[in-house]
Amino acid sequence: MTTTVSERAWIGKDLKRREDPALLMGTVTYINDFKIAGMLHAAVLRSPYAHARIRAIDTSAARALPGVQAVLTGKEAAEVIGPVPAFCAEPVVEHAIAVEKVRYAGEAVVAVAAESRALAEDALDLVEIDWEPLPAVTDALSAMQPGAPLVHENLGTNVVYDHVFTFGDVDGDFARADHVIRRRLRWPRATAAPLEPNGAVCAYDPARDTMEIWSNTNMLNSASWVMSSMLKIPPHKLNFYPMYTGGSFGSKHFLAKVIGIAGALSKVTGRPVKFMEDRLDNLMANDSQGPERLYEAELAVTKDGQFLSLRLRTIDDYGAYFIFAITGNTNMMAQITGPYTIRSVETGIKAVLTNKNQQTVFRGAGSDVGNWVLERLVDAAAEQLGIDRVEIRRRNFIQPDQFPYKIPTGNVYDSGNYPGVLDLALGHFDLDAWRQQQAQARQEGRYLGIGLATAQQRSTYSSTEFWFHNPAPATGLNSTPESVRISVGPTGGVTVTMFSPFWGNSPETVVAQVVAEELGIDPRDVNVTYDSTAHALPSAGPGGSRMTVMLAGAVHGAAARLKEKIFKIAAHMLEASVSDLELVGGQVRVKGVPSSSVSLADIGMRAYWFKLDLPPELESGLEGTFTYDHPYTTKPHDDRKDLGVFYPIMGHAAHLVAVEVDIETGAVRFKKYVAVHDVGTVLNPRSLQGQIRGGIAQGIGLALLEEVRYGPDGQNLTSTFVDYLLPSASDVPAIEVYHHETPSPFTAYGVKGGGEGGRMVAPPAVTSAIEDALRPFGISIDEMPITPEKIVRWVKEAQSRHQRQTN
Amino acid sequence: MEDDFIPVRLSVNGVPHRLFVEPRRTLLDMLREDLELTGTNAGCEHGSCGACTVLLDGQSVRACLLLAVQANGHEVTTVEGLAQHGRMHPLQEAFWEKQALQCGFCTPGMLMTAYELLQQNPDPTEEEIRSALSGNLCRCTGYQHIVEAIRLAAQRLREGAEAATSSGTTA
Ligand code: FES
Ligand code: FES
């Protein structure tokens with residue numbers, strides 16, 4: 001039973017996060033802080049070449065260095081560990097340490113375990129490698145050419161995946177359209193770059209053939225069975241411990257390489273080994289670069305501005321490996337038509353391998369790209385048809401009474417109120433005033449721009465997106481459960497145990513709030529812990545904006561089971577019937593008779609230590625466990641004309657942005673930023689606002705600064721924070737955030753996930769604002785990051801075009 | 001090898017220490033590995049993220065760029081030194097209230113930078129705060145809540161100082 005908003009005591013309360021005091025006092029244990037007796041330290045030698053064959057490696061001098069316990073080449077490592085687990089059906093094999101050849105600059109070639117990290121690094125200096133450099137291919141278009149160097153010879157091509165998905169009557173809709181809007185768009189390669197790099201401590205016990213693993217992987221419980229084949233240890237003999245994680249943004253899902261390296265070294269030394277990436281390791285080889293896509297994008301539109309159909313062709317540079325297959329492209333099919341009533345869609349995907357670190361997922365997981373592409377087309381349609389940008393969106397919005405709404409790909413949107421969100425944003429922005437200021441500024445030779453994006457933020461993934469692109473998937477997983485255990489101790493203390501780690505969000509706060517809601521207690525009295533995989537219940541872990549939804553559902557379910565037993569014991573104690581009881585403020589009482597009550601402590605003591613006074617059918621103890629499955633997901637159809645429901649918990653946002661662009665320096669200054677997000681029922685406004693603002697900062701980073709760049713020879717030119725620019729405190733403005741709440745009909749309390757939305761919506765809004773500022777020059781922006789150099793160049797080019805025309 | 005170790009005497013969070021370190025050991029590694037003060041984090045180890053910020057005689061420094069031996073004879077303050085008797089410093093309280101952190105990895109460095117700022121400028125403007133933080137990267141928060149927290153802490157510290165002065169008490 002779901003309580004109504006007004007009855008809720010704790011859901012929706014603006015509570016301080018319970019995770020924070022330990023983080024503020026520096027007392028949490030991140031993986032780099034973790035030590036265990038006898039632990040060795042690893043360091044990794046990385047390839048200086050983007051593409052080269054390893055002829056020979058001489059490690060004798062390294063091995064002879066005192067304090068060095070093990071030196072492993074890729075070949076030697078392959079004797080104790082298998083390849084990195086992959087979700088692709090395609091035969092693209094990756095090893096934690098390269099075997100025979102390297103495929104990107106920075107790929108691991110030798111790993112050392114020594115008494116200290118410094119010693120391990122000293123040993124690396126003594127390794128000699130005989131290289132045979134091969135020509136590198138560093139952009140997707142050249143990689144597609146016949147005769148291009150092959151990243152994986154066994155494939156016979158660098159185009160590892162090539163398919164066109166068609167949903168609905170795309171050709172018919174394009175034929176019926178009055179206008180076809182066309183843009184060629186380029187999305188830059190970015191990377192998550194959490195401040196904490198990846199790390200693992202692996203402790204192999206040769207006597208038991210078990211391994212204990214402490215790491216900052218997000219997906220503990222999938223990791224144990226997924227990594228078993230790599231570590232060559234049965235899953236039930238692996239025990240992964242949850243650690244506090246210093247940010248992930250999608251980049252710490254499996255960490256197979258880090259765990260593989262520490263694991264292999266632990267296996268050969270019989271001692272615990274820590275491998276902690278440094279920043280260089282992380283930026284060169286973390287396997288979590290974002291998409292790098294070229295789009296030919298077309299929108300079919302009627303003369304009154306109605307969007308009929310969307311046609312996309314993309315070439316996506318996946319880098320040297322392919323562990324998650326084309327997940328970033330399948331992900332965006334969940335919301336490919338945005339908040340609009342587009343009735344058919346076609347998307348062609350060419351996934352290309354190059355000599356770069358591979359792409360996996362980064363906050364938004366490809367749906368960020370989809371939003372930007374669609375919103376670019378929508379802005380272009382507004383411009384081409386002479387319809388106001390706000391108006392054209394309104395004309396195409398799915399209306400609040402049309403939900404649940406099935407989009408052409410088969411995914412269903414649960415609920416939404418897109419006009420409501422837009423109205424709220426406009427109400428806080430004062431568009432007319434900004435337009436006036438813009439007009440005035442233009443007269444003064446200043447360039448103000450107003451940006452708008454109205455876009456989706458799907459949440460709560462289901463695992464079919466990992467494989468439905470493939471007619472014959474290697475693994476066709478279709479569940480993503482999450483579990484918790486709530487126990488009431490003999491003195492009434494409530495403990496919630498989670499089986500997924502803290503990854504930078506607020507899982508402890510979420511579960512404490514929900515359990516407090518359900519048991520009528522104060523969330524501050526709830527103890528929250530994590531457990532390792534040896535004791536875990538099914539839990540898929542964070543990713544795809546799912547944890548708030550899934551934890552809320554799991555706690556809701558576990559509390560219901562727990563309450564059943566609480567009421568049975570209380571009924572026995574009070575000699576009342578269960579249906580006459582209520583749980584209020586940690587007391588079970590007979591409805592309407594407050595004097596007749598027992599506390600959780602009374603019930604707990606009875607449950608643990610007074611078996612003879614319990615109802616005879618009850619066993620001792622007092623706990624409720626629950627595994628919450630995805631609330632609404634279906635399988636894809638065999639012909640893939642309908643992908644099924646795979647991301648139905650659909651959030652939405654409208655961003656309105658005012659910027660001033662200095663055309664001399666190319667600097668972009670934010671004047672106002674309003675973001676309205678609708679992620680269903682808000683569980684904790686404060687932590688949600690943090691997520692939204694942080695996501696927007698990353699979106700601004702992408703729009704203005706961030707790009708992983710490679711030289712023509714495949715050298716990574718952005719392997720430090722001096723070159724890979726994260727937005728700093730002076731780059732990100734104050735952002736006004738407002739919530740609109742359209743509850744989901746499918747989730748506990750109506751919550752939706754909001755972890756990625758900021759980053760999914762900011763790039764189109766910021767691009768739109770800069771394009772609007774530069775409108776007097778007729779510049780249309782088709783790429784990011786929009787750096788000062790580019791702005792200055794575009795303006796100069798426009799001015800000289802103009803001069804040529806007037807001359 | 002033993003001969004290569006150099007004695008270092010310093011005080012960390014008011015506690016005197018004497019230890020022997022390799023000349024190449026960074027202050028960051030000494031704090032984290034030798035003194036087990038792991039509150040200070042390593043985000044880049046090349047001086048550009050600020051996660052390792054600590055105070056050396058009250059001045060903020062990047063512990064990854066300083067050698068341990070350079071701290072000889074000095075006083076170091078780390079995030080572990082902010083809370084007193086288990087009670088958070090007003091900056092920490094304000095960070096909590098404003099939710100100026102998510103993953104918390106940049107937070108110790110942010111706190112130390114903010115601490116120094118408020119020592120030098122008890123009433124900084126938003127712009128002054130943002131410029132003081134420009135060497136501290138945060139990938140999670142978007143900075144706004146950090147700025148708000150520092151303003152709140154500044155205000156409370158000023159009020160506290162005023163109250164202390166007007167009531168004639170000494171710190
Ligand atoms: S770790 Fe010292 S500045 Fe980044
Ligand atoms: S809170 Fe995660 S980096 Fe700042």
# chains A, B, ... in the order shown; residues from 1 in each chain; ligands from 1
$ closest_atom_pairs --of "chain A" --to "ligand 1" --cutoff "12 Å" --atoms "only C-alpha atoms and all ligand atoms" --output "tab-separated table"
residue	atom	partner	partner_atom_place_in_ligand_line	distance
A:Leu195	CA	ligand 1	4 (Fe)	8.6
A:Glu196	CA	ligand 1	1 (S)	9.8
A:Pro197	CA	ligand 1	1 (S)	11.1
A:Asp278	CA	ligand 1	1 (S)	9.5
A:Arg279	CA	ligand 1	4 (Fe)	8.7
A:Leu280	CA	ligand 1	4 (Fe)	11.6
A:Thr720	CA	ligand 1	4 (Fe)	10.1
A:Phe721	CA	ligand 1	4 (Fe)	8.6
A:Val722	CA	ligand 1	4 (Fe)	10.6
$ write_last_selection --atoms "all heavy atoms" --output "short mmCIF file (atom, residue, chain, number, x, y, z; two decimals), in the first residue's frame"
data_model
loop_
_atom_site.label_atom_id
_atom_site.label_comp_id
_atom_site.auth_asym_id
_atom_site.auth_seq_id
_atom_site.Cartn_x
_atom_site.Cartn_y
_atom_site.Cartn_z
N LEU A 195 37.25 11.69 -9.44
CA LEU A 195 38.51 12.11 -8.81
C LEU A 195 39.27 10.93 -8.22
O LEU A 195 40.49 10.98 -8.08
CB LEU A 195 38.23 13.13 -7.71
CG LEU A 195 38.26 14.60 -8.12
CD1 LEU A 195 38.91 15.44 -7.04
CD2 LEU A 195 38.89 14.86 -9.45
N GLU A 196 38.55 9.89 -7.89
CA GLU A 196 39.23 8.70 -7.39
C GLU A 196 39.43 7.72 -8.54
O GLU A 196 38.47 7.29 -9.17
CB GLU A 196 38.38 8.02 -6.31
CG GLU A 196 39.02 6.76 -5.75
CD GLU A 196 37.98 5.78 -5.18
OE1 GLU A 196 36.93 5.57 -5.82
OE2 GLU A 196 38.24 5.21 -4.12
N PRO A 197 40.67 7.34 -8.82
CA PRO A 197 40.89 6.32 -9.86
C PRO A 197 40.44 4.94 -9.39
O PRO A 197 39.94 4.78 -8.28
CB PRO A 197 42.41 6.36 -10.08
CG PRO A 197 42.90 7.58 -9.39
CD PRO A 197 41.92 7.86 -8.28
N ASP A 278 47.04 5.28 -10.97
CA ASP A 278 47.26 6.70 -10.76
C ASP A 278 46.48 7.44 -11.86
O ASP A 278 45.78 6.82 -12.66
CB ASP A 278 48.75 7.06 -10.71
CG ASP A 278 49.50 6.73 -12.00
OD1 ASP A 278 48.84 6.57 -13.05
OD2 ASP A 278 50.73 6.65 -11.96
N ARG A 279 46.60 8.73 -11.89
CA ARG A 279 45.77 9.50 -12.82
C ARG A 279 46.10 9.17 -14.28
O ARG A 279 45.23 9.09 -15.13
CB ARG A 279 45.93 11.00 -12.53
CG ARG A 279 45.07 11.91 -13.36
CD ARG A 279 43.60 11.53 -13.38
NE ARG A 279 43.01 11.45 -12.07
CZ ARG A 279 41.78 10.97 -11.85
NH1 ARG A 279 41.02 10.55 -12.85
NH2 ARG A 279 41.31 10.90 -10.62
N LEU A 280 47.39 8.98 -14.52
CA LEU A 280 47.81 8.64 -15.87
C LEU A 280 47.20 7.31 -16.30
O LEU A 280 46.63 7.18 -17.39
CB LEU A 280 49.34 8.53 -15.86
CG LEU A 280 50.07 8.72 -17.16
CD1 LEU A 280 49.97 10.17 -17.61
CD2 LEU A 280 51.55 8.35 -16.98
N THR A 720 46.59 13.88 -18.51
CA THR A 720 46.67 14.50 -17.19
C THR A 720 45.51 15.48 -17.06
O THR A 720 44.86 15.83 -18.04
CB THR A 720 47.96 15.32 -16.98
OG1 THR A 720 47.89 16.49 -17.80
CG2 THR A 720 49.20 14.53 -17.37
N PHE A 721 45.27 15.95 -15.83
CA PHE A 721 44.22 16.94 -15.62
C PHE A 721 44.63 18.32 -16.13
O PHE A 721 43.85 19.26 -16.09
CB PHE A 721 43.83 17.01 -14.15
CG PHE A 721 42.85 15.95 -13.73
CD1 PHE A 721 42.81 15.51 -12.41
CD2 PHE A 721 41.96 15.40 -14.64
CE1 PHE A 721 41.90 14.55 -12.02
CE2 PHE A 721 41.04 14.44 -14.26
CZ PHE A 721 41.01 14.01 -12.94
N VAL A 722 45.88 18.44 -16.56
CA VAL A 722 46.29 19.70 -17.18
C VAL A 722 45.75 19.76 -18.61
O VAL A 722 45.44 20.81 -19.15
CB VAL A 722 47.82 19.84 -17.18
CG1 VAL A 722 48.26 21.16 -17.80
CG2 VAL A 722 48.37 19.69 -15.76
#
$ residues_near_ligand --ligand "ligand 2" --cutoff "6 Å" --atoms "only C-alpha atoms and all ligand atoms" --output "number ranges by chain"
A: 195, 246-247; B: 101-107, 138-141
$ interface_residues --of "chain B" --to "chain A" --cutoff "9 Å" --atoms "only C-alpha atoms" --output "number ranges by chain"
B: 25, 32-33, 36-49, 51, 79-83, 88, 92-93, 95-108, 111, 127, 129-145, 147
$ atom_distance --atom1 "atom CA of Leu448 of chain A" --atom2 "atom CA of Glu783 of chain A"
19.8 Å
$ atom_distance --atom1 "atom CA of Ile663 of chain A" --atom2 "atom CA of Pro764 of chain A"
20.5 Å
$ select_by_dssp --residues "segment 385-517 of chain A" --states "alpha helix (DSSP H)" --output "JSON, numbers by chain"
{"A": [385, 389, 390, 391, 392, 393, 394, 395, 396, 418, 419, 420, 421, 422, 423, 424, 425, 426, 427, 428, 429, 431, 432, 433, 434, 435, 436, 437, 438, 439, 440, 441, 442, 443, 507, 508, 509, 510, 511, 512, 513, 514, 515, 516, 517]}
$ closest_residue --among "B:Met112, B:Val69, B:Leu91, B:Leu35" --to "Gly50 of chain B" --atoms "only C-alpha atoms"
B:Met112
$ residues_around --residues "segment 365-370 of chain A" --least-positions-apart "2" --cutoff "6 Å" --atoms "only C-alpha atoms" --output "PyMOL selection string"
chain A and resi 328-329+332+361-363+372-373+760
$ write_last_selection --atoms "N, CA, C and O atoms" --output "compact mmCIF listing (two decimals), in the first residue's frame"
# COMPACT_ATOMS: atom_id res chain seq x y z
N GLY A 328 25.86 1.86 -25.55
CA GLY A 328 25.57 3.30 -25.62
C GLY A 328 24.57 3.65 -26.71
O GLY A 328 23.84 4.64 -26.61
N ASN A 329 24.52 2.84 -27.74
CA ASN A 329 23.55 3.09 -28.81
C ASN A 329 22.19 2.48 -28.52
O ASN A 329 21.16 3.05 -28.85
N MET A 332 20.12 4.62 -25.91
CA MET A 332 19.37 5.81 -26.32
C MET A 332 18.08 5.46 -27.06
O MET A 332 17.21 6.31 -27.23
N VAL A 361 30.65 3.11 -20.73
CA VAL A 361 29.56 4.03 -20.43
C VAL A 361 30.02 5.19 -19.57
O VAL A 361 30.92 5.06 -18.75
N PHE A 362 29.39 6.30 -19.77
CA PHE A 362 29.64 7.51 -19.01
C PHE A 362 28.27 8.18 -18.84
O PHE A 362 27.57 8.40 -19.83
N ARG A 363 27.94 8.44 -17.60
CA ARG A 363 26.70 9.11 -17.20
C ARG A 363 25.85 9.62 -18.39
O ARG A 363 26.20 10.60 -19.03
N TRP A 372 21.01 15.37 -27.31
CA TRP A 372 21.67 16.50 -27.97
C TRP A 372 21.33 16.50 -29.47
O TRP A 372 20.99 17.55 -30.04
N VAL A 373 21.39 15.32 -30.07
CA VAL A 373 21.11 15.22 -31.50
C VAL A 373 19.66 15.65 -31.79
O VAL A 373 19.40 16.47 -32.68
N MET A 760 22.45 14.83 -19.00
CA MET A 760 21.77 14.47 -20.24
C MET A 760 21.08 15.65 -20.91
O MET A 760 20.75 15.59 -22.07
$ residues_around --residues "Ala552 of chain A" --least-positions-apart "3" --cutoff "7 Å" --atoms "only C-alpha atoms" --output "compact mmCIF listing (two decimals) with N, CA, C and O atoms, in the first residue's frame"
# COMPACT_ATOMS: atom_id res chain seq x y z
N VAL A 511 17.74 4.56 2.05
CA VAL A 511 17.15 3.43 2.77
C VAL A 511 16.70 3.85 4.18
O VAL A 511 15.68 3.38 4.66
N VAL A 514 13.34 5.58 3.82
CA VAL A 514 12.22 4.70 3.48
C VAL A 514 11.89 3.78 4.65
O VAL A 514 10.71 3.56 4.96
N THR A 548 17.83 4.67 -6.50
CA THR A 548 16.79 5.23 -5.63
C THR A 548 15.49 4.45 -5.82
O THR A 548 14.83 4.06 -4.86
N VAL A 549 15.18 4.17 -7.09
CA VAL A 549 13.97 3.40 -7.38
C VAL A 549 14.07 2.00 -6.79
O VAL A 549 13.16 1.51 -6.12
N VAL A 555 13.35 -1.78 0.09
CA VAL A 555 13.06 -1.49 1.49
C VAL A 555 11.56 -1.59 1.76
O VAL A 555 11.13 -2.15 2.77
N HIS A 556 10.78 -1.09 0.83
CA HIS A 556 9.33 -1.16 0.96
C HIS A 556 8.89 -2.62 1.12
O HIS A 556 8.10 -2.96 2.01
N ALA A 748 7.68 2.03 -6.22
CA ALA A 748 7.31 2.33 -4.83
C ALA A 748 7.33 3.85 -4.64
O ALA A 748 8.31 4.50 -5.04
$ residues_around --residues "Glu375 of chain A" --least-positions-apart "4" --cutoff "9 Å" --atoms "only C-alpha atoms" --output "list in words"
Gly338, Gly370, Asn371, Asp379, Ala380, Leu452, Ala453, Thr454, Ala455, Pro764, Ala765 and Ser768 of chain A
$ residues_around --residues "segment 8-14 of chain B" --least-positions-apart "4" --cutoff "8 Å" --atoms "only C-alpha atoms" --output "PyMOL selection string"
chain B and resi 18-21+68-69+71-78+80-81
$ closest_residue --among "A:Thr634, A:Gln399, A:Ser780, A:Thr191" --to "Val708 of chain A" --atoms "only C-alpha atoms"
A:Thr191
$ closest_residue --among "A:Gly427, A:Gly82, A:Gly699, A:Pro788" --to "Glu756 of chain A" --atoms "only C-alpha atoms"
A:Gly699
$ residues_around --residues "Ile31 of chain A" --least-positions-apart "3" --cutoff "8 Å" --atoms "only C-alpha atoms" --output "ChimeraX atom specification"
/A:34,199-201,214-216,243-245
$ select_by_dssp --residues "chain B" --states "strand (DSSP E)" --output "list in words"
Ile6, Pro7, Val8, Arg9, Leu10, Ser11, Val12, Val15, Pro16, His17, Arg18, Leu19, Phe20, Val21, Thr53, Val54, Leu55, Leu56, Gln59, Ser60, Val61, Arg62, Glu75, Val76 and Thr77 of chain B
$ atom_distance --atom1 "atom CA of Lys237 of chain A" --atom2 "atom CA of Leu265 of chain A"
17.6 Å
$ closest_residue --among "A:Val44, A:Val510, A:Ile259, A:Leu374" --to "Asp281 of chain A" --atoms "only C-alpha atoms"
A:Val44
